[in-house]
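Colleague: Dropping in protein-v5.txt, with compact mmCIF, C-alpha atoms and all ligand atoms.
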# COMPACT_ATOMS: atom_id res chain seq x y z
CA MET W 1 193.80 71.30 78.15
CA THR W 2 192.24 68.63 80.31
CA THR W 3 190.76 65.35 79.19
CA ASP W 4 187.37 66.39 80.60
CA THR W 5 184.55 66.87 78.14
CA PRO W 6 184.55 70.53 77.12
CA LEU W 7 181.40 72.47 77.90
CA LEU W 8 180.90 73.16 74.22
CA SER W 9 182.50 71.26 71.39
CA ILE W 10 182.02 72.28 67.78
CA GLU W 11 183.22 70.08 64.96
CA ASN W 12 183.13 70.88 61.29
CA LEU W 13 180.38 73.48 61.66
CA THR W 14 179.12 74.52 58.24
CA THR W 15 176.31 77.01 57.84
CA THR W 16 174.93 77.92 54.44
CA PHE W 17 172.21 80.25 53.18
CA ASP W 18 170.12 79.75 50.12
CA THR W 19 170.30 83.17 48.45
CA ASP W 20 169.26 84.64 45.10
CA ALA W 21 172.94 84.74 44.17
CA GLY W 22 173.35 81.02 44.94
CA LEU W 23 174.42 79.00 47.95
CA LEU W 24 176.31 81.21 50.39
CA THR W 25 178.66 79.37 52.75
CA ALA W 26 178.98 81.69 55.76
CA VAL W 27 180.80 79.20 58.00
CA ASP W 28 182.80 76.45 56.37
CA GLY W 29 184.05 73.51 58.42
CA VAL W 30 184.85 75.35 61.64
CA SER W 31 185.86 73.43 64.79
CA PHE W 32 186.63 74.67 68.29
CA ASP W 33 185.89 73.95 71.94
CA VAL W 34 184.91 76.12 74.86
CA GLY W 35 186.05 74.78 78.21
CA ARG W 36 184.39 75.42 81.55
CA GLY W 37 185.06 78.87 82.93
CA GLU W 38 187.01 79.77 79.83
CA THR W 39 186.71 82.81 77.53
CA VAL W 40 187.11 82.00 73.86
CA CYS W 41 187.15 84.87 71.38
CA ILE W 42 186.21 84.55 67.73
CA VAL W 43 187.91 87.39 65.89
CA GLY W 44 187.90 88.45 62.26
CA GLU W 45 186.81 91.23 59.93
CA SER W 46 183.20 92.03 59.13
CA GLY W 47 181.63 89.22 57.11
CA SER W 48 184.00 86.50 58.35
CA GLY W 49 181.12 84.42 59.70
CA LYS W 50 181.58 85.14 63.42
CA THR W 51 177.94 85.94 64.13
CA VAL W 52 176.64 83.09 61.99
CA ALA W 53 179.00 80.66 63.76
CA SER W 54 177.90 81.86 67.21
CA GLU W 55 174.21 81.82 66.31
CA SER W 56 174.46 78.37 64.74
CA ILE W 57 175.26 76.91 68.17
CA THR W 58 171.73 77.25 69.52
CA ARG W 59 170.20 77.33 66.03
CA LEU W 60 169.16 80.95 66.08
CA ILE W 61 169.81 80.87 62.33
CA PRO W 62 166.57 81.25 60.34
CA SER W 63 165.92 78.05 58.44
CA PRO W 64 165.19 78.36 55.58
CA PRO W 65 167.18 80.09 54.13
CA GLY W 66 169.85 78.90 56.59
CA SER W 67 171.07 75.36 57.07
CA VAL W 68 173.42 74.25 59.85
CA ASP W 69 175.60 71.17 59.51
CA GLY W 70 178.33 69.60 61.66
CA THR W 71 178.45 68.41 65.25
CA ILE W 72 177.74 70.69 68.18
CA ARG W 73 177.97 69.10 71.59
CA PHE W 74 176.92 70.83 74.76
CA GLU W 75 178.11 68.94 77.85
CA GLY W 76 178.65 66.02 75.52
CA ARG W 77 175.09 66.05 74.16
CA ASP W 78 174.62 66.52 70.44
CA ILE W 79 172.48 69.61 69.87
CA ALA W 80 171.49 68.45 66.37
CA SER W 81 169.66 65.45 67.76
CA MET W 82 167.73 67.48 70.33
CA SER W 83 164.03 68.09 70.02
CA GLU W 84 162.75 71.64 69.75
CA SER W 85 161.73 71.55 73.42
CA GLU W 86 165.15 70.32 74.59
CA LEU W 87 166.73 73.05 72.50
CA ARG W 88 164.44 75.64 74.06
CA GLU W 89 165.55 74.43 77.46
CA ILE W 90 169.21 74.83 76.52
CA ARG W 91 168.51 78.32 75.15
CA GLY W 92 166.40 79.24 78.17
CA GLN W 93 168.74 77.93 80.85
CA ASN W 94 172.22 76.91 79.78
CA ILE W 95 173.28 79.26 77.01
CA ALA W 96 172.51 82.98 77.04
CA HIS W 97 173.18 85.45 74.23
CA ILE W 98 173.90 89.14 74.35
CA PHE W 99 174.19 91.24 71.21
CA GLN W 100 175.71 94.43 69.91
CA ASN W 101 172.55 96.52 70.12
CA PRO W 102 170.77 96.06 73.43
CA GLN W 103 167.90 98.25 72.25
CA ASP W 104 167.02 95.56 69.69
CA ALA W 105 166.67 92.99 72.44
CA LEU W 106 164.84 95.17 74.97
CA ASN W 107 161.17 95.92 74.46
CA HIS W 108 160.77 99.70 74.47
CA CYS W 109 157.10 99.43 75.56
CA TYR W 110 157.84 97.89 78.94
CA THR W 111 159.85 99.04 81.94
CA VAL W 112 163.20 97.42 82.49
CA GLY W 113 161.96 96.06 85.82
CA TRP W 114 158.97 94.43 84.15
CA GLN W 115 161.22 92.77 81.58
CA ILE W 116 163.69 91.36 84.08
CA THR W 117 160.90 90.30 86.45
CA GLU W 118 159.18 88.54 83.57
CA ALA W 119 162.42 86.71 82.68
CA VAL W 120 162.86 85.65 86.30
CA GLN W 121 159.29 84.34 86.47
CA VAL W 122 159.65 82.40 83.23
CA HIS W 123 162.69 80.73 84.71
CA GLU W 124 161.65 80.27 88.32
CA ASP W 125 158.34 79.63 90.03
CA VAL W 126 158.43 82.68 92.28
CA ALA W 127 155.93 85.36 93.28
CA LYS W 128 156.06 88.82 91.75
CA GLU W 129 157.61 90.44 94.83
CA ALA W 130 160.45 87.90 94.99
CA ALA W 131 161.03 88.27 91.26
CA ARG W 132 161.30 92.04 91.64
CA GLU W 133 163.78 91.60 94.47
CA ARG W 134 165.85 89.35 92.28
CA ALA W 135 165.67 91.93 89.48
CA VAL W 136 167.03 94.56 91.88
CA ASP W 137 169.82 92.20 92.96
CA LEU W 138 170.76 91.53 89.36
CA LEU W 139 170.74 95.21 88.39
CA ASN W 140 172.89 95.96 91.44
CA ARG W 141 175.24 93.19 90.49
CA VAL W 142 175.77 94.53 86.97
CA GLY W 143 176.45 98.00 88.32
CA VAL W 144 173.23 99.89 87.58
CA ALA W 145 173.09 102.65 90.22
CA ASN W 146 169.86 103.12 92.23
CA ALA W 147 168.66 99.76 90.98
CA ALA W 148 165.40 99.69 92.95
CA ALA W 149 164.36 103.10 91.68
CA ARG W 150 165.35 102.36 88.10
CA LEU W 151 163.14 99.29 87.87
CA ASP W 152 160.25 101.47 86.72
CA ASP W 153 162.21 103.24 84.00
CA TYR W 154 161.83 102.44 80.33
CA PRO W 155 164.77 101.34 78.17
CA HIS W 156 165.07 104.78 76.51
CA GLU W 157 165.83 106.28 79.93
CA PHE W 158 169.05 104.25 80.11
CA SER W 159 172.31 105.12 78.37
CA GLY W 160 173.86 102.68 75.87
CA GLY W 161 176.24 101.26 78.46
CA GLN W 162 173.45 100.93 81.05
CA LYS W 163 171.25 99.16 78.52
CA GLN W 164 174.03 96.67 77.89
CA ARG W 165 174.27 96.17 81.67
CA VAL W 166 170.53 95.50 81.74
CA MET W 167 170.96 92.94 78.94
CA ILE W 168 173.71 91.26 80.92
CA ALA W 169 171.43 91.18 83.98
CA MET W 170 168.73 89.50 81.85
CA ALA W 171 171.29 86.99 80.57
CA LEU W 172 172.28 86.17 84.16
CA VAL W 173 168.72 85.40 85.25
CA THR W 174 169.16 81.73 84.43
CA ASN W 175 172.71 81.52 85.76
CA PRO W 176 173.88 80.20 82.37
CA ASP W 177 176.85 77.88 81.83
CA LEU W 178 177.77 79.71 78.65
CA LEU W 179 177.34 83.34 77.69
CA ILE W 180 177.62 84.07 73.97
CA ALA W 181 178.43 87.74 73.56
CA ASP W 182 178.37 89.10 70.01
CA GLU W 183 180.23 92.42 69.84
CA PRO W 184 178.48 93.60 73.04
CA THR W 185 180.74 96.61 73.42
CA THR W 186 181.20 97.70 69.80
CA ALA W 187 178.50 100.38 69.93
CA LEU W 188 179.84 101.86 73.18
CA ASP W 189 182.52 104.48 73.71
CA VAL W 190 185.92 103.23 74.83
CA THR W 191 185.57 104.01 78.51
CA VAL W 192 182.19 102.31 78.79
CA GLN W 193 183.50 99.43 76.69
CA ALA W 194 186.32 98.89 79.18
CA GLN W 195 183.84 98.95 82.08
CA ILE W 196 181.59 96.37 80.43
CA LEU W 197 184.54 94.09 79.66
CA ARG W 198 185.64 94.32 83.27
CA LEU W 199 182.10 93.57 84.41
CA LEU W 200 181.94 90.47 82.22
CA ASP W 201 185.26 89.33 83.59
CA ASP W 202 184.09 89.76 87.20
CA LEU W 203 180.80 88.01 86.53
CA GLN W 204 182.58 85.16 84.87
CA ASP W 205 184.68 84.60 87.99
CA GLU W 206 181.67 84.95 90.24
CA PHE W 207 179.30 82.72 88.29
CA GLY W 208 181.89 80.32 86.82
CA MET W 209 180.49 80.90 83.34
CA SER W 210 182.20 80.21 80.08
CA VAL W 211 182.12 83.04 77.57
CA LEU W 212 182.20 82.86 73.79
CA PHE W 213 182.98 86.40 72.73
CA VAL W 214 182.66 87.60 69.14
CA THR W 215 184.65 90.67 68.13
CA HIS W 216 186.50 92.24 65.21
CA ASP W 217 188.87 93.96 67.64
CA LEU W 218 192.09 92.23 68.68
CA GLY W 219 192.48 94.88 71.36
CA VAL W 220 189.39 93.46 73.06
CA VAL W 221 190.73 89.93 72.55
CA ALA W 222 193.91 90.88 74.40
CA GLU W 223 191.79 92.11 77.31
CA ILE W 224 189.58 89.12 77.86
CA ALA W 225 190.49 85.97 75.93
CA ASP W 226 191.95 82.74 77.22
CA ARG W 227 191.88 81.29 73.74
CA VAL W 228 191.41 82.78 70.30
CA VAL W 229 189.88 81.55 67.05
CA VAL W 230 190.83 83.75 64.09
CA MET W 231 188.21 83.48 61.34
CA TYR W 232 188.34 84.72 57.79
CA ALA W 233 185.69 84.22 55.09
CA GLY W 234 184.09 81.31 56.93
CA LYS W 235 187.32 79.46 57.71
CA VAL W 236 189.61 79.25 60.72
CA MET W 237 192.99 80.78 59.87
CA GLU W 238 194.67 80.35 63.22
CA ARG W 239 193.76 79.38 66.74
CA GLY W 240 195.56 79.25 70.01
CA ASP W 241 196.13 80.26 73.54
CA VAL W 242 195.90 84.06 73.75
CA TYR W 243 199.57 84.38 74.76
CA GLU W 244 200.73 82.31 71.82
CA ILE W 245 198.57 84.29 69.41
CA PHE W 246 200.00 87.60 70.58
CA GLU W 247 203.57 86.36 71.12
CA SER W 248 203.85 84.51 67.83
CA PRO W 249 201.01 85.31 65.46
CA SER W 250 201.67 82.90 62.61
CA HIS W 251 199.06 83.40 59.91
CA PRO W 252 199.56 86.43 57.66
CA TYR W 253 195.91 87.31 58.32
CA THR W 254 196.41 87.34 62.11
CA ARG W 255 199.48 89.52 61.63
CA ALA W 256 197.55 91.85 59.36
CA LEU W 257 194.83 92.19 62.02
CA MET W 258 197.53 93.01 64.56
CA ASP W 259 198.94 95.68 62.29
CA CYS W 260 195.47 97.28 62.45
CA LEU W 261 195.82 97.84 66.21
CA PRO W 262 196.66 101.38 67.35
CA GLY W 263 200.33 101.97 66.63
CA GLY W 264 200.46 99.22 64.01
CA ASP W 265 201.44 99.60 60.35
CA ARG W 266 197.82 99.45 59.23
CA ALA W 267 196.31 101.38 62.14
CA ALA W 268 194.89 104.00 59.81
CA GLY W 269 193.84 102.06 56.76
CA GLY W 270 192.94 98.50 57.69
CA ILE W 271 193.86 95.50 55.55
CA GLU W 272 194.08 96.20 51.83
CA GLY W 273 191.41 94.56 49.66
CA THR W 274 188.09 92.98 50.53
CA LEU W 275 186.68 89.61 51.55
CA PRO W 276 185.98 87.15 48.74
CA ASN W 277 182.45 86.61 47.46
CA PRO W 278 180.96 84.09 49.92
CA THR W 279 178.89 82.46 47.16
CA ASP W 280 182.03 81.86 45.10
CA PRO W 281 185.09 81.64 47.37
CA PRO W 282 188.55 81.25 45.83
CA ASP W 283 190.44 77.95 45.74
CA GLY W 284 193.20 77.41 48.24
CA CYS W 285 193.58 79.71 51.22
CA ARG W 286 190.69 82.16 51.44
CA PHE W 287 193.10 84.93 52.38
CA ALA W 288 195.52 84.29 49.49
CA PRO W 289 194.10 87.01 47.19
CA ARG W 290 194.96 89.63 49.85
CA CYS W 291 198.07 87.99 51.23
CA GLU W 292 201.43 89.62 50.61
CA TYR W 293 203.20 86.27 51.04
CA ALA W 294 200.97 84.21 48.73
CA VAL W 295 202.70 81.76 46.39
CA ASP W 296 201.08 79.64 43.63
CA GLU W 297 200.37 76.80 46.00
CA CYS W 298 198.20 79.09 48.15
CA THR W 299 195.64 79.41 45.36
CA ARG W 300 195.13 75.69 44.71
CA GLY W 301 193.02 73.00 46.38
CA ASP W 302 191.32 73.60 49.72
CA GLN W 303 192.13 75.74 52.71
CA PRO W 304 195.34 74.14 54.09
CA GLU W 305 194.91 71.67 56.95
CA GLU W 306 195.80 73.33 60.24
CA ALA W 307 199.46 72.79 61.11
CA GLU W 308 200.11 72.29 64.82
CA LEU W 309 202.70 74.71 66.13
CA SER W 310 202.14 73.52 69.70
CA ALA W 311 199.54 71.51 71.57
CA SER W 312 197.45 74.67 71.83
CA HIS W 313 198.36 76.63 68.70
CA SER W 314 197.64 75.83 65.06
CA VAL W 315 197.64 77.67 61.76
CA SER W 316 196.14 77.07 58.32
CA CYS W 317 198.90 78.25 55.97
CA VAL W 318 201.08 76.51 53.38
CA TYR W 319 204.22 78.10 54.82
CA TYR W 320 204.05 75.65 57.72
CA TYR W 321 204.31 72.65 55.40
CA GLY W 322 206.88 71.04 53.15
CA GLY W 323 209.98 72.68 54.49
CA ARG W 324 208.91 76.20 53.57
CA ASP W 325 210.48 79.00 55.53
CA ALA W 326 207.75 80.50 57.71
CA SER W 327 210.16 83.08 59.10
CA VAL W 328 209.32 85.06 55.94
CA ILE W 329 205.98 85.67 57.66
CA THR W 330 206.99 85.79 61.29
CA GLY W 331 210.16 87.88 60.84
CA GLU W 332 213.80 86.72 60.48
CA ASP W 333 214.80 87.68 64.00
CA ASP W 334 212.11 85.36 65.34
CA ASP W 335 211.92 87.33 68.57
CA GLY W 336 208.18 86.95 68.62
CA ASP W 337 207.67 90.69 68.49
CA TRP W 338 205.13 91.18 65.74
CA SER W 339 205.35 94.94 65.81
CA SER W 340 208.94 94.93 64.62
CA SER W 341 208.34 92.53 61.75
CA PRO W 342 207.99 93.55 58.12
CA GLY W 343 204.32 94.31 58.26
CA GLY W 344 202.29 96.08 55.58
CA LEU W 345 202.39 95.84 51.82
CA ALA W 346 204.66 98.85 52.19
CA ASP W 347 204.36 99.93 48.57
CA ASP W 348 202.40 103.04 49.38
N1 LIG J 1 170.29 85.46 56.94
C1 LIG J 1 171.29 85.49 56.03
N2 LIG J 1 171.05 85.26 54.72
C2 LIG J 1 172.05 85.29 53.81
N3 LIG J 1 173.33 85.54 54.11
C3 LIG J 1 173.64 85.78 55.39
C4 LIG J 1 172.65 85.77 56.44
N4 LIG J 1 173.25 86.05 57.61
C5 LIG J 1 174.56 86.22 57.33
N5 LIG J 1 174.80 86.06 56.00
C6 LIG J 1 176.11 86.17 55.33
O1 LIG J 1 177.03 85.32 56.00
C7 LIG J 1 178.33 85.90 55.98
C8 LIG J 1 178.88 85.97 57.40
O2 LIG J 1 178.13 86.94 58.12
P1 LIG J 1 178.34 87.21 59.67
O3 LIG J 1 177.25 88.13 60.09
O4 LIG J 1 178.48 85.94 60.41
O5 LIG J 1 179.73 87.97 59.69
P2 LIG J 1 180.46 88.60 60.95
O6 LIG J 1 181.84 88.02 60.97
O7 LIG J 1 179.65 88.43 62.18
O8 LIG J 1 180.57 90.13 60.53
P3 LIG J 1 180.32 91.48 61.39
O9 LIG J 1 181.63 91.77 62.07
O10 LIG J 1 179.98 92.49 60.37
O11 LIG J 1 179.21 91.24 62.36
C9 LIG J 1 178.20 87.25 55.30
O12 LIG J 1 178.58 87.09 53.95
C10 LIG J 1 176.72 87.55 55.43
O13 LIG J 1 176.28 88.36 54.36
NI NI J 2 178.69 89.74 63.41
Go ahead and render the structure in this file as structure tokens.

Modeller:
Amino acid sequence: MTTDTPLLSIENLTTTFDTDAGLLTAVDGVSFDVGRGETVCIVGESGSGKTVASESITRLIPSPPGSVDGTIRFEGRDIASMSESELREIRGQNIAHIFQNPQDALNHCYTVGWQITEAVQVHEDVAKEAARERAVDLLNRVGVANAAARLDDYPHEFSGGQKQRVMIAMALVTNPDLLIADEPTTALDVTVQAQILRLLDDLQDEFGMSVLFVTHDLGVVAEIADRVVVMYAGKVMERGDVYEIFESPSHPYTRALMDCLPGGDRAAGGIEGTLPNPTDPPDGCRFAPRCEYAVDECTRGDQPEEAELSASHSVSCVYYYGGRDASVITGEDDDGDWSSSPGGLADD
């Protein structure tokens, strides 16, 4: 970590929705930074609040029913105090989003070339011909073959992977500082997924972008992350440098997610149990009701303060306080090899 201002700094982000069932807290006091040129992954099961957290940054959350609280600084400027037009500028130029389903973001009535050209012309004061040339360049850059010829094709004429490449090209139009990618490869088959991840990695080097990547898949995290934020039921369970997270996963939830990777103890079944009701979360650690190591203390008070395991690794778990023996969680041998530790509930 440097002392420079991070590109994006999020403190105590809390996003709620007014629902028929009561106030739903989707993201509850989450803090993290994204440095320049860095890839930060938010990982957690479905419903953890990953999408809501990432969409709260540029206020894509519909309000009402949504309400975003906390401090979000982009290049040191507080987004909450920005006017709608300043925010539009940030969204239009500095921060780009790509999503899981590119077909939702592409207009099926217009050719891909028209859509990219339009985006270029919104951003830059250039003539149609120059905008089309730039569209061809961008499509080439993201690996769409025969880019010039494909400009006149409609979205349905592209495969899923190609559509995601087109979306990435559109995101690159403004040369953004930060790309927020929400499960952009989840709908794709594994081979295409790997190609898209590699493409993002190359583009990041080339354009010097930061990436905030949302995924439920720790396998993807291992591929691309510099740093990891593990979320569960709106809270951060653990965060750290990617090597520390994989070498010494310290929260039982992180370890359970790792057991879900191919070859892990939970590879077939996933984690036992379900997320708590977000309108009525349990006291104590949100994961306690599903945690095989939970003790009484885990079910009282608030989510534990994050304990610092190193300057770049922290965990929200009572086992790291008050002289408790965390090796119960991390394995007696303490060799940092999660796969050899006592993993699943093992009673089945
Ligand atoms: N517009 C909304 N109104 C009410 N509740 C919402 C809204 N959007 C999200 N939520 C709730 O917020 C919680 C977090 O949802 P979110 O989509 O962020 O999860 P996620 O971690 O991205 O999951 P997934 O992996 O399935 O995409 C969920 O309980 C969800 O039902
Ligand atoms: Ni999501």

Colleague: Pick out the residues no farther than 10 Å from ligand LIG 1 (chain J), counting only C-alpha atoms and all ligand atoms, and list them as a ChimeraX atom specification.

Modeller: /W:15-27,42-56,61-66,100,182-183,186,214-217,231-234,275-279

Colleague: Please determine, counting all atoms listed in the file, which residue among W:Glu89, W:Asp78, W:Asp104, W:Glu306 has the shortest atom-to-atom distance to Met167 in chain W.

Modeller: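 When distances to Met167 in chain W are compared using all atoms listed in the file, the smallest one comes from W:Asp104.
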
Colleague: Rounded to one decimal place, report the CA of Cys260 in chain W-CA of Ile10 in chain W distance in Å.

Modeller: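 A separation of 28.9 Å between them.
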
Colleague: Please work out which residues fall within 6 Å of (178.1, 81.7, 88.2), coordinates as given in the file, with all atoms listed in the file counting, and return them as number ranges by chain.

Modeller: W: 175, 206-209

Colleague: For ligand NI 2 (chain J), which residue out of W:Tyr154, W:Trp114, W:Phe99, W:Tyr320 is the nearest one, using only C-alpha atoms and all ligand atoms?

Modeller: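 Going through W:Tyr154, W:Trp114, W:Phe99, W:Tyr320 one by one, the smallest distance to ligand NI 2 (chain J) is for W:Phe99.
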
Colleague: Go through W:Ala80, W:Leu106, W:Ile98, W:Cys298 one by one, measure the shortest atom-to-atom distance of each to ligand NI 2 (chain J) using only C-alpha atoms and all ligand atoms, and give the residue with the smallest value.

Modeller: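 Closest residue, counting only C-alpha atoms and all ligand atoms: W:Ile98.
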
Colleague: Given the point (185.2, 74.6, 81.2) in the file's coordinates, find the residues that have an atom at most 8 Å from it, counting only C-alpha atoms, and give them as number ranges by chain.

Modeller: W: 6-7, 34-38, 210

Colleague: For ligand NI 2 (chain J), which residue out of W:Asn101, W:Thr174, W:Thr14, W:Thr39 is the nearest one, using all atoms listed in the file?

Modeller: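 Of all the options, W:Asn101 lies closest to ligand NI 2 (chain J).
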
Colleague: In Å, with one decimal, what is the gap from CA of His97 in chain W to CA of Thr185 in chain W?

Modeller: 13.5 Å

Colleague: Would you mind telling me which residue in W:Pro184, W:Gly143, W:Gly331, W:Pro102 lies nearest to ligand NI 2 (chain J) when using all atoms listed in the file?

Modeller: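 Nearest candidate to ligand NI 2 (chain J) out of W:Pro184, W:Gly143, W:Gly331, W:Pro102: W:Pro184.
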
Colleague: Which residues are close to range 290-293 of chain W, i.e. within 10 Å by all atoms listed in the file, leaving aside same-chain residues fewer than 4 positions away? Reply as a VMD selection string.

Modeller: chain W and resid 251 to 253 256 271 to 276 285 to 286 298 319 326 328 to 329 343 to 346

Colleague: May I ask you to restore all heavy atoms in range 152-160 of chain W and write the result as a short mmCIF file (atom, residue, chain, number, x, y, z; two decimals), in the coordinates of the input?

Modeller:
data_model
loop_
_atom_site.label_atom_id
_atom_site.label_comp_id
_atom_site.auth_asym_id
_atom_site.auth_seq_id
_atom_site.Cartn_x
_atom_site.Cartn_y
_atom_site.Cartn_z
N ASP W 152 161.44 100.97 87.40
CA ASP W 152 160.25 101.47 86.72
C ASP W 152 160.57 102.37 85.53
O ASP W 152 159.68 102.97 84.94
CB ASP W 152 159.36 102.20 87.72
CG ASP W 152 158.86 101.24 88.80
OD1 ASP W 152 158.54 100.08 88.45
OD2 ASP W 152 158.84 101.63 89.97
N ASP W 153 161.84 102.45 85.17
CA ASP W 153 162.21 103.24 84.00
C ASP W 153 162.12 102.39 82.73
O ASP W 153 162.27 101.17 82.77
CB ASP W 153 163.65 103.76 84.15
CG ASP W 153 163.75 104.88 85.19
OD1 ASP W 153 162.69 105.43 85.57
OD2 ASP W 153 164.87 105.18 85.61
N TYR W 154 161.89 103.10 81.64
CA TYR W 154 161.83 102.44 80.33
C TYR W 154 163.22 102.40 79.70
O TYR W 154 164.08 103.23 80.05
CB TYR W 154 160.84 103.19 79.42
CG TYR W 154 159.40 102.96 79.85
CD1 TYR W 154 158.82 103.74 80.84
CD2 TYR W 154 158.66 101.93 79.28
CE1 TYR W 154 157.52 103.51 81.25
CE2 TYR W 154 157.35 101.69 79.68
CZ TYR W 154 156.79 102.48 80.67
OH TYR W 154 155.51 102.23 81.08
N PRO W 155 163.44 101.46 78.77
CA PRO W 155 164.77 101.34 78.17
C PRO W 155 165.35 102.66 77.67
O PRO W 155 166.55 102.92 77.85
CB PRO W 155 164.54 100.35 77.03
CG PRO W 155 163.45 99.46 77.52
CD PRO W 155 162.54 100.38 78.31
N HIS W 156 164.50 103.55 77.09
CA HIS W 156 165.07 104.78 76.51
C HIS W 156 165.63 105.70 77.59
O HIS W 156 166.35 106.65 77.28
CB HIS W 156 164.04 105.51 75.65
CG HIS W 156 162.97 106.20 76.43
ND1 HIS W 156 161.74 105.62 76.69
CD2 HIS W 156 162.95 107.42 77.04
CE1 HIS W 156 161.01 106.45 77.42
NE2 HIS W 156 161.73 107.55 77.65
N GLU W 157 165.30 105.44 78.84
CA GLU W 157 165.83 106.28 79.93
C GLU W 157 167.21 105.83 80.40
O GLU W 157 167.79 106.42 81.30
CB GLU W 157 164.83 106.29 81.10
CG GLU W 157 163.48 106.90 80.69
CD GLU W 157 162.41 106.78 81.76
OE1 GLU W 157 162.37 107.68 82.63
OE2 GLU W 157 161.64 105.80 81.73
N PHE W 158 167.71 104.75 79.77
CA PHE W 158 169.05 104.25 80.11
C PHE W 158 170.03 104.61 79.00
O PHE W 158 169.66 104.63 77.83
CB PHE W 158 169.01 102.71 80.24
CG PHE W 158 168.28 102.22 81.47
CD1 PHE W 158 166.90 102.25 81.55
CD2 PHE W 158 169.00 101.73 82.55
CE1 PHE W 158 166.24 101.81 82.68
CE2 PHE W 158 168.35 101.28 83.69
CZ PHE W 158 166.97 101.31 83.75
N SER W 159 171.27 104.86 79.37
CA SER W 159 172.31 105.12 78.37
C SER W 159 172.67 103.79 77.69
O SER W 159 172.27 102.72 78.14
CB SER W 159 173.55 105.70 79.04
OG SER W 159 174.16 104.69 79.84
N GLY W 160 173.46 103.88 76.60
CA GLY W 160 173.86 102.68 75.87
C GLY W 160 174.57 101.66 76.77
O GLY W 160 174.26 100.48 76.75
#
